Structures are given as structure tokens and as C-alpha cells.
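This is data-v5.cif (mmCIF, N, CA and C atoms and all ligand atoms).
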data_my_file
#
loop_
_atom_site.group_PDB
_atom_site.id
_atom_site.type_symbol
_atom_site.label_atom_id
_atom_site.label_comp_id
_atom_site.auth_asym_id
_atom_site.auth_seq_id
_atom_site.Cartn_x
_atom_site.Cartn_y
_atom_site.Cartn_z
ATOM 1 N N MET O 1 115.510 33.933 27.033
ATOM 2 C CA MET O 1 114.970 32.820 27.853
ATOM 3 C C MET O 1 114.941 33.187 29.329
ATOM 4 N N VAL O 2 114.069 32.633 30.057
ATOM 5 C CA VAL O 2 113.958 32.904 31.496
ATOM 6 C C VAL O 2 114.846 31.928 32.247
ATOM 7 N N PRO O 3 115.721 32.430 33.131
ATOM 8 C CA PRO O 3 116.554 31.511 33.931
ATOM 9 C C PRO O 3 115.685 30.567 34.742
ATOM 10 N N SER O 4 116.202 29.368 34.994
ATOM 11 C CA SER O 4 115.371 28.335 35.613
ATOM 12 C C SER O 4 114.896 28.750 37.006
ATOM 13 N N TYR O 5 115.753 29.492 37.746
ATOM 14 C CA TYR O 5 115.322 29.875 39.108
ATOM 15 C C TYR O 5 114.152 30.855 39.089
ATOM 16 N N MET O 6 113.894 31.484 37.926
ATOM 17 C CA MET O 6 112.776 32.433 37.816
ATOM 18 C C MET O 6 111.424 31.719 37.697
ATOM 19 N N HIS O 7 111.488 30.476 37.255
ATOM 20 C CA HIS O 7 110.230 29.757 37.026
ATOM 21 C C HIS O 7 109.371 29.698 38.269
ATOM 22 N N GLY O 8 110.030 29.398 39.400
ATOM 23 C CA GLY O 8 109.303 29.330 40.665
ATOM 24 C C GLY O 8 108.595 30.636 40.953
ATOM 25 N N VAL O 9 109.319 31.772 40.731
ATOM 26 C CA VAL O 9 108.731 33.096 41.000
ATOM 27 C C VAL O 9 107.520 33.315 40.099
ATOM 28 N N ILE O 10 107.708 32.988 38.812
ATOM 29 C CA ILE O 10 106.615 33.214 37.852
ATOM 30 C C ILE O 10 105.405 32.372 38.236
ATOM 31 N N ASP O 11 105.647 31.149 38.612
ATOM 32 C CA ASP O 11 104.548 30.283 39.040
ATOM 33 C C ASP O 11 103.795 30.887 40.208
ATOM 34 N N MET O 12 104.570 31.403 41.188
ATOM 35 C CA MET O 12 103.942 32.011 42.363
ATOM 36 C C MET O 12 103.062 33.181 41.957
ATOM 37 N N VAL O 13 103.630 34.054 41.069
ATOM 38 C CA VAL O 13 102.888 35.241 40.637
ATOM 39 C C VAL O 13 101.598 34.813 39.944
ATOM 40 N N ASP O 14 101.735 33.849 39.051
ATOM 41 C CA ASP O 14 100.565 33.392 38.307
ATOM 42 C C ASP O 14 99.500 32.831 39.240
ATOM 43 N N ALA O 15 99.965 32.029 40.192
ATOM 44 C CA ALA O 15 99.018 31.425 41.122
ATOM 45 C C ALA O 15 98.260 32.520 41.875
ATOM 46 N N ARG O 16 99.005 33.559 42.294
ATOM 47 C CA ARG O 16 98.359 34.644 43.036
ATOM 48 C C ARG O 16 97.359 35.363 42.139
ATOM 49 N N LYS O 17 97.771 35.589 40.867
ATOM 50 C CA LYS O 17 96.887 36.260 39.912
ATOM 51 C C LYS O 17 95.595 35.470 39.751
ATOM 52 N N VAL O 18 95.762 34.177 39.566
ATOM 53 C CA VAL O 18 94.596 33.315 39.355
ATOM 54 C C VAL O 18 93.678 33.387 40.566
ATOM 55 N N LYS O 19 94.308 33.314 41.753
ATOM 56 C CA LYS O 19 93.525 33.373 42.991
ATOM 57 C C LYS O 19 92.738 34.679 43.049
ATOM 58 N N ASP O 20 93.442 35.794 42.747
ATOM 59 C CA ASP O 20 92.800 37.116 42.756
ATOM 60 C C ASP O 20 91.623 37.141 41.793
ATOM 61 N N MET O 21 91.890 36.608 40.597
ATOM 62 C CA MET O 21 90.858 36.641 39.572
ATOM 63 C C MET O 21 89.622 35.860 40.032
ATOM 64 N N VAL O 22 89.889 34.685 40.577
ATOM 65 C CA VAL O 22 88.795 33.836 41.045
ATOM 66 C C VAL O 22 88.010 34.560 42.141
ATOM 67 N N ALA O 23 88.756 35.188 43.063
ATOM 68 C CA ALA O 23 88.105 35.894 44.160
ATOM 69 C C ALA O 23 87.239 37.024 43.621
ATOM 70 N N LYS O 24 87.803 37.771 42.653
ATOM 71 C CA LYS O 24 87.064 38.880 42.062
ATOM 72 C C LYS O 24 85.802 38.365 41.385
ATOM 73 N N LYS O 25 85.988 37.329 40.568
ATOM 74 C CA LYS O 25 84.857 36.788 39.810
ATOM 75 C C LYS O 25 83.754 36.308 40.756
ATOM 76 N N SER O 26 84.165 35.590 41.790
ATOM 77 C CA SER O 26 83.147 35.038 42.678
ATOM 78 C C SER O 26 82.442 36.161 43.441
ATOM 79 N N SER O 27 83.201 37.213 43.800
ATOM 80 C CA SER O 27 82.545 38.316 44.512
ATOM 81 C C SER O 27 81.605 39.052 43.565
ATOM 82 N N GLN O 28 82.014 39.143 42.302
ATOM 83 C CA GLN O 28 81.125 39.748 41.303
ATOM 84 C C GLN O 28 79.847 38.925 41.195
ATOM 85 N N PHE O 29 80.049 37.623 41.147
ATOM 86 C CA PHE O 29 78.918 36.702 41.018
ATOM 87 C C PHE O 29 77.978 36.860 42.206
ATOM 88 N N MET O 30 78.567 36.864 43.405
ATOM 89 C CA MET O 30 77.759 37.033 44.616
ATOM 90 C C MET O 30 77.036 38.374 44.585
ATOM 91 N N GLY O 31 77.769 39.412 44.134
ATOM 92 C CA GLY O 31 77.168 40.739 44.055
ATOM 93 C C GLY O 31 75.982 40.746 43.111
ATOM 94 N N SER O 32 76.138 40.112 41.967
ATOM 95 C CA SER O 32 75.044 40.115 40.997
ATOM 96 C C SER O 32 73.867 39.298 41.525
ATOM 97 N N MET O 33 74.178 38.237 42.256
ATOM 98 C CA MET O 33 73.112 37.431 42.851
ATOM 99 C C MET O 33 72.313 38.270 43.846
ATOM 100 N N ALA O 34 73.053 38.994 44.715
ATOM 101 C CA ALA O 34 72.385 39.836 45.711
ATOM 102 C C ALA O 34 71.574 40.917 44.999
ATOM 103 N N GLY O 35 72.165 41.498 43.935
ATOM 104 C CA GLY O 35 71.489 42.540 43.180
ATOM 105 C C GLY O 35 70.213 42.018 42.553
ATOM 106 N N ALA O 36 70.274 40.800 42.039
ATOM 107 C CA ALA O 36 69.109 40.208 41.394
ATOM 108 C C ALA O 36 67.983 40.035 42.409
ATOM 109 N N GLY O 37 68.352 39.705 43.650
ATOM 110 C CA GLY O 37 67.352 39.530 44.692
ATOM 111 C C GLY O 37 66.628 40.825 45.001
ATOM 112 N N LYS O 38 67.384 41.945 44.943
ATOM 113 C CA LYS O 38 66.786 43.235 45.280
ATOM 114 C C LYS O 38 65.951 43.788 44.129
ATOM 115 N N MET O 39 66.320 43.429 42.896
ATOM 116 C CA MET O 39 65.668 43.988 41.708
ATOM 117 C C MET O 39 64.221 43.520 41.650
ATOM 118 N N PRO O 40 63.268 44.455 41.590
ATOM 119 C CA PRO O 40 61.874 44.023 41.439
ATOM 120 C C PRO O 40 61.666 43.442 40.052
ATOM 121 N N PRO O 41 60.704 42.525 39.900
ATOM 122 C CA PRO O 41 60.474 41.946 38.573
ATOM 123 C C PRO O 41 60.063 43.027 37.589
ATOM 124 N N HIS O 42 60.592 42.974 36.406
ATOM 125 C CA HIS O 42 60.272 43.999 35.410
ATOM 126 C C HIS O 42 60.484 43.454 34.009
ATOM 127 N N LYS O 43 59.909 44.158 33.052
ATOM 128 C CA LYS O 43 60.112 43.820 31.651
ATOM 129 C C LYS O 43 60.859 44.971 31.006
ATOM 130 N N HIS O 44 61.170 44.812 29.747
ATOM 131 C CA HIS O 44 61.850 45.876 29.032
ATOM 132 C C HIS O 44 61.008 46.281 27.832
ATOM 133 N N CYS O 45 60.985 47.601 27.606
ATOM 134 C CA CYS O 45 60.314 48.127 26.422
ATOM 135 C C CYS O 45 60.880 47.419 25.198
ATOM 136 N N ARG O 46 59.992 46.917 24.325
ATOM 137 C CA ARG O 46 60.497 46.157 23.176
ATOM 138 C C ARG O 46 61.101 47.068 22.116
ATOM 139 N N ILE O 47 60.933 48.374 22.264
ATOM 140 C CA ILE O 47 61.523 49.301 21.299
ATOM 141 C C ILE O 47 62.868 49.812 21.819
ATOM 142 N N CYS O 48 62.876 50.431 23.011
ATOM 143 C CA CYS O 48 64.112 51.058 23.501
ATOM 144 C C CYS O 48 64.720 50.280 24.668
ATOM 145 N N HIS O 49 64.069 49.193 25.083
ATOM 146 C CA HIS O 49 64.587 48.315 26.144
ATOM 147 C C HIS O 49 64.718 49.008 27.489
ATOM 148 N N GLU O 50 63.969 50.064 27.679
ATOM 149 C CA GLU O 50 63.862 50.713 28.975
ATOM 150 C C GLU O 50 63.107 49.771 29.911
ATOM 151 N N ALA O 51 63.479 49.771 31.183
ATOM 152 C CA ALA O 51 62.766 48.929 32.145
ATOM 153 C C ALA O 51 61.353 49.467 32.325
ATOM 154 N N ILE O 52 60.369 48.574 32.286
ATOM 155 C CA ILE O 52 58.965 48.968 32.433
ATOM 156 C C ILE O 52 58.291 48.006 33.402
ATOM 157 N N PRO O 53 57.153 48.386 33.975
ATOM 158 C CA PRO O 53 56.461 47.474 34.895
ATOM 159 C C PRO O 53 56.034 46.197 34.189
ATOM 160 N N VAL O 54 55.948 45.108 34.965
ATOM 161 C CA VAL O 54 55.588 43.808 34.397
ATOM 162 C C VAL O 54 54.200 43.879 33.764
ATOM 163 N N LYS O 55 53.325 44.680 34.382
ATOM 164 C CA LYS O 55 51.938 44.722 33.909
ATOM 165 C C LYS O 55 51.757 45.582 32.667
ATOM 166 N N ALA O 56 52.800 46.253 32.232
ATOM 167 C CA ALA O 56 52.697 47.145 31.077
ATOM 168 C C ALA O 56 52.188 46.376 29.866
ATOM 169 N N ASP O 57 51.172 46.900 29.224
ATOM 170 C CA ASP O 57 50.581 46.248 28.056
ATOM 171 C C ASP O 57 50.041 47.309 27.119
ATOM 172 N N PRO O 58 50.485 47.458 25.929
ATOM 173 C CA PRO O 58 51.514 46.651 25.265
ATOM 174 C C PRO O 58 52.895 46.843 25.879
ATOM 175 N N ARG O 59 53.788 45.955 25.505
ATOM 176 C CA ARG O 59 55.094 45.913 26.163
ATOM 177 C C ARG O 59 56.005 47.051 25.697
ATOM 178 N N VAL O 60 55.586 48.273 25.968
ATOM 179 C CA VAL O 60 56.417 49.434 25.633
ATOM 180 C C VAL O 60 56.413 50.403 26.795
ATOM 181 N N CYS O 61 57.371 51.311 26.847
ATOM 182 C CA CYS O 61 57.423 52.319 27.899
ATOM 183 C C CYS O 61 56.427 53.431 27.553
ATOM 184 N N LYS O 62 56.434 54.490 28.362
ATOM 185 C CA LYS O 62 55.441 55.550 28.150
ATOM 186 C C LYS O 62 55.862 56.536 27.079
ATOM 187 N N ASN O 63 57.003 56.310 26.477
ATOM 188 C CA ASN O 63 57.500 57.168 25.417
ATOM 189 C C ASN O 63 56.572 57.066 24.206
ATOM 190 N N GLN O 64 56.067 58.215 23.727
ATOM 191 C CA GLN O 64 55.134 58.201 22.603
ATOM 192 C C GLN O 64 55.764 57.575 21.366
ATOM 193 N N GLU O 65 57.052 57.838 21.163
ATOM 194 C CA GLU O 65 57.744 57.269 19.997
ATOM 195 C C GLU O 65 57.693 55.749 20.023
ATOM 196 N N CYS O 66 57.878 55.201 21.222
ATOM 197 C CA CYS O 66 57.867 53.743 21.353
ATOM 198 C C CYS O 66 56.471 53.200 21.111
ATOM 199 N N ILE O 67 55.453 53.913 21.622
ATOM 200 C CA ILE O 67 54.067 53.478 21.422
ATOM 201 C C ILE O 67 53.742 53.465 19.937
ATOM 202 N N ASP O 68 54.127 54.550 19.246
ATOM 203 C CA ASP O 68 53.881 54.630 17.806
ATOM 204 C C ASP O 68 54.608 53.518 17.073
ATOM 205 N N GLN O 69 55.890 53.343 17.446
ATOM 206 C CA GLN O 69 56.713 52.327 16.766
ATOM 207 C C GLN O 69 56.120 50.947 16.974
ATOM 208 N N ASN O 70 55.630 50.716 18.196
ATOM 209 C CA ASN O 70 55.041 49.417 18.513
ATOM 210 C C ASN O 70 53.805 49.171 17.658
ATOM 211 N N GLU O 71 52.973 50.219 17.504
ATOM 212 C CA GLU O 71 51.769 50.078 16.679
ATOM 213 C C GLU O 71 52.134 49.779 15.237
ATOM 214 N N LYS O 72 53.140 50.493 14.746
ATOM 215 C CA LYS O 72 53.607 50.281 13.378
ATOM 216 C C LYS O 72 54.059 48.842 13.201
ATOM 217 N N ASP O 73 54.835 48.372 14.180
ATOM 218 C CA ASP O 73 55.372 47.011 14.102
ATOM 219 C C ASP O 73 54.240 46.001 14.073
ATOM 220 N N GLU O 74 53.223 46.243 14.908
ATOM 221 C CA GLU O 74 52.112 45.304 14.958
ATOM 222 C C GLU O 74 51.371 45.269 13.642
ATOM 223 N N LYS O 75 51.208 46.458 13.048
ATOM 224 C CA LYS O 75 50.548 46.521 11.740
ATOM 225 C C LYS O 75 51.380 45.783 10.707
ATOM 226 N N ASN O 76 52.692 46.000 10.765
ATOM 227 C CA ASN O 76 53.597 45.309 9.833
ATOM 228 C C ASN O 76 53.480 43.804 9.990
ATOM 229 N N GLN O 77 53.433 43.361 11.238
ATOM 230 C CA GLN O 77 53.338 41.930 11.508
ATOM 231 C C GLN O 77 52.060 41.364 10.914
ATOM 232 N N LYS O 78 50.959 42.117 11.067
ATOM 233 C CA LYS O 78 49.678 41.671 10.508
ATOM 234 C C LYS O 78 49.787 41.567 9.001
ATOM 235 N N THR O 79 50.388 42.593 8.388
ATOM 236 C CA THR O 79 50.536 42.596 6.932
ATOM 237 C C THR O 79 51.366 41.402 6.486
ATOM 238 N N VAL O 80 52.434 41.149 7.202
ATOM 239 C CA VAL O 80 53.313 40.026 6.857
ATOM 240 C C VAL O 80 52.542 38.721 6.965
ATOM 241 N N ARG O 81 51.729 38.599 8.015
ATOM 242 C CA ARG O 81 50.955 37.379 8.233
ATOM 243 C C ARG O 81 49.976 37.159 7.074
ATOM 244 N N ILE O 82 49.289 38.240 6.691
ATOM 245 C CA ILE O 82 48.331 38.147 5.586
ATOM 246 C C ILE O 82 49.059 37.777 4.306
ATOM 247 N N ALA O 83 50.204 38.425 4.073
ATOM 248 C CA ALA O 83 50.985 38.152 2.870
ATOM 249 C C ALA O 83 51.405 36.681 2.843
ATOM 250 N N MET O 84 51.816 36.163 3.984
ATOM 251 C CA MET O 84 52.214 34.756 4.086
ATOM 252 C C MET O 84 51.044 33.846 3.735
ATOM 253 N N PHE O 85 49.887 34.226 4.265
ATOM 254 C CA PHE O 85 48.666 33.448 4.042
ATOM 255 C C PHE O 85 48.341 33.395 2.566
ATOM 256 N N VAL O 86 48.390 34.580 1.930
ATOM 257 C CA VAL O 86 48.083 34.676 0.503
ATOM 258 C C VAL O 86 49.108 33.867 -0.292
ATOM 259 N N PHE O 87 50.356 34.059 0.065
ATOM 260 C CA PHE O 87 51.458 33.361 -0.602
ATOM 261 C C PHE O 87 51.254 31.850 -0.507
ATOM 262 N N PHE O 88 50.944 31.393 0.691
ATOM 263 C CA PHE O 88 50.701 29.976 0.937
ATOM 264 C C PHE O 88 49.520 29.497 0.105
ATOM 265 N N GLY O 89 48.476 30.344 0.083
ATOM 266 C CA GLY O 89 47.272 30.003 -0.661
ATOM 267 C C GLY O 89 47.553 29.815 -2.142
ATOM 268 N N ILE O 90 48.373 30.718 -2.693
ATOM 269 C CA ILE O 90 48.693 30.660 -4.123
ATOM 270 C C ILE O 90 49.325 29.316 -4.462
ATOM 271 N N PHE O 91 50.180 28.815 -3.546
ATOM 272 C CA PHE O 91 50.840 27.538 -3.805
ATOM 273 C C PHE O 91 49.972 26.354 -3.414
ATOM 274 N N ALA O 92 49.179 26.541 -2.379
ATOM 275 C CA ALA O 92 48.420 25.413 -1.834
ATOM 276 C C ALA O 92 47.213 25.090 -2.709
ATOM 277 N N VAL O 93 46.557 26.116 -3.231
ATOM 278 C CA VAL O 93 45.304 25.888 -3.960
ATOM 279 C C VAL O 93 45.502 24.975 -5.169
ATOM 280 N N PRO O 94 46.452 25.263 -6.064
ATOM 281 C CA PRO O 94 46.644 24.339 -7.209
ATOM 282 C C PRO O 94 46.995 22.938 -6.752
ATOM 283 N N TYR O 95 47.787 22.850 -5.683
ATOM 284 C CA TYR O 95 48.194 21.552 -5.159
ATOM 285 C C TYR O 95 46.982 20.759 -4.692
ATOM 286 N N ILE O 96 46.119 21.470 -3.958
ATOM 287 C CA ILE O 96 44.905 20.827 -3.455
ATOM 288 C C ILE O 96 44.004 20.430 -4.628
ATOM 289 N N LEU O 97 43.914 21.307 -5.629
ATOM 290 C CA LEU O 97 43.084 21.009 -6.800
ATOM 291 C C LEU O 97 43.578 19.747 -7.497
ATOM 292 N N VAL O 98 44.893 19.634 -7.616
ATOM 293 C CA VAL O 98 45.477 18.441 -8.252
ATOM 294 C C VAL O 98 45.138 17.209 -7.438
ATOM 295 N N LEU O 99 45.285 17.315 -6.134
ATOM 296 C CA LEU O 99 44.986 16.200 -5.240
ATOM 297 C C LEU O 99 43.529 15.777 -5.395
ATOM 298 N N VAL O 100 42.653 16.780 -5.358
ATOM 299 C CA VAL O 100 41.212 16.497 -5.446
ATOM 300 C C VAL O 100 40.884 15.857 -6.785
ATOM 301 N N SER O 101 41.451 16.409 -7.858
ATOM 302 C CA SER O 101 41.153 15.854 -9.194
ATOM 303 C C SER O 101 41.654 14.434 -9.309
ATOM 304 N N ARG O 102 42.734 14.125 -8.621
ATOM 305 C CA ARG O 102 43.261 12.753 -8.653
ATOM 306 C C ARG O 102 42.331 11.810 -7.892
ATOM 307 N N ILE O 103 41.850 12.305 -6.761
ATOM 308 C CA ILE O 103 40.964 11.485 -5.941
ATOM 309 C C ILE O 103 39.668 11.208 -6.708
ATOM 310 N N ILE O 104 39.161 12.256 -7.364
ATOM 311 C CA ILE O 104 37.901 12.134 -8.087
ATOM 312 C C ILE O 104 38.095 11.344 -9.358
ATOM 313 N N GLY O 105 39.127 11.745 -10.103
ATOM 314 C CA GLY O 105 39.229 11.225 -11.456
ATOM 315 C C GLY O 105 40.195 10.083 -11.577
HETATM 316 ZN ZN ZN E 1 60.566 52.639 24.977
#

Please render this file's structure as C-alpha cells.
Amino acid sequence: MVPSYMHGVIDMVDARKVKDMVAKKSSQFMGSMAGAGKMPPHKHCRICHEAIPVKADPRVCKNQECIDQNEKDEKNQKTVRIAMFVFFGIFAVPYILVLVSRIIG
């Protein structure tokens, strides 16, 4: 157990620690704020997350691997979209047919 007279000392130490921590954190915060002000606007390569110019289109860096990967991804996305469409169609068409037949008949 800690003797009672030590409590005051421990409190003092803790208070100083907390103060230090707060000071550090706030200076870090201020530093990051200042840094953000200096940083020119930029985007990140969607493959390797390298910083790239805002105007970069497609959103990849000049790395050929990233360009290829981006093209592959876009093709995959298109395929997925078509597959979704077909999938939806398979379920929607009979449903619509049932609806129509009910309306008619
Ligand atoms: Zn990249």
C-alpha cells in the first residue's frame, strides 16, 4: 500500500503528466493544422495510395502497374454490374409476368 503522505506526491506527478500530455497533444494538433495549410490539394492513387495531382484521371499514379490494375478493376466492375442486371432480370421477369397476368386475367 502507498503511505498516505505519498498521495499528494502522486497527485502532483499525475497532474504534471496530464499537463504535459495535453501540451504535447495540442502542439501536435497545431502542427498538423499548420501542415494541412501548407499541403497542396491532392488525391491518392486508388491502387497504391500514392499522392497524385487532383486533376489526375483516372485516379491512379503514373505507375504502369496501377494503370493496368485500375483498368482491370473497371472491367471487373462492369462485369459485376452486368451480372447484377442479369441476376435481377432473372428474378424480376417472372414477377412482372405474374403481375401482368393478374392485371389482365
Ligand atoms: Zn499507384

Distance query O:Pro53 at most 6.5 Å, all atoms listed in the file, self and fewer than 6 positions along chain excluded, as an MDAnalysis selection string
chainID O and resid 41:43

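Atom pair atom N of O:Phe85 / atom N of O:Ser101 has a distance of 23.1 Å (rounded to one decimal).
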
Find the residue from O:Lys78, O:Glu50, O:Val98, O:Asn70 that sits nearest to ligand ZN 1 (chain E); use only N, CA and C atoms and all ligand atoms when measuring.
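Result for the nearest residue to ligand ZN 1 (chain E): O:Glu50.
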
Using only N, CA and C atoms and all ligand atoms, determine which residues fall within 6 Å of ligand ZN 1 (chain E), then list them as a PyMOL selection string.
chain O and resi 45-50+60-63+66

Running DSSP on the backbone, which parts of stretch 14-99 of chain O land in strand (DSSP E or B), as number ranges by chain?
O: 43-44, 51-52

For atom N of O:Phe91 and atom CA of O:Gln77, determine how far apart the two atoms are, in Å to one decimal place.
20.2 Å

So the first atom is atom CA of O:Pro94 and the second is atom N of O:Ile82; what is the distance between them in Å, to one decimal place?
19.8 Å

Mind checking DSSP for stretch 38-70 of chain O and telling me the helix (DSSP H, G or I) residues as a PyMOL selection string?
chain O and resi 38+64-70
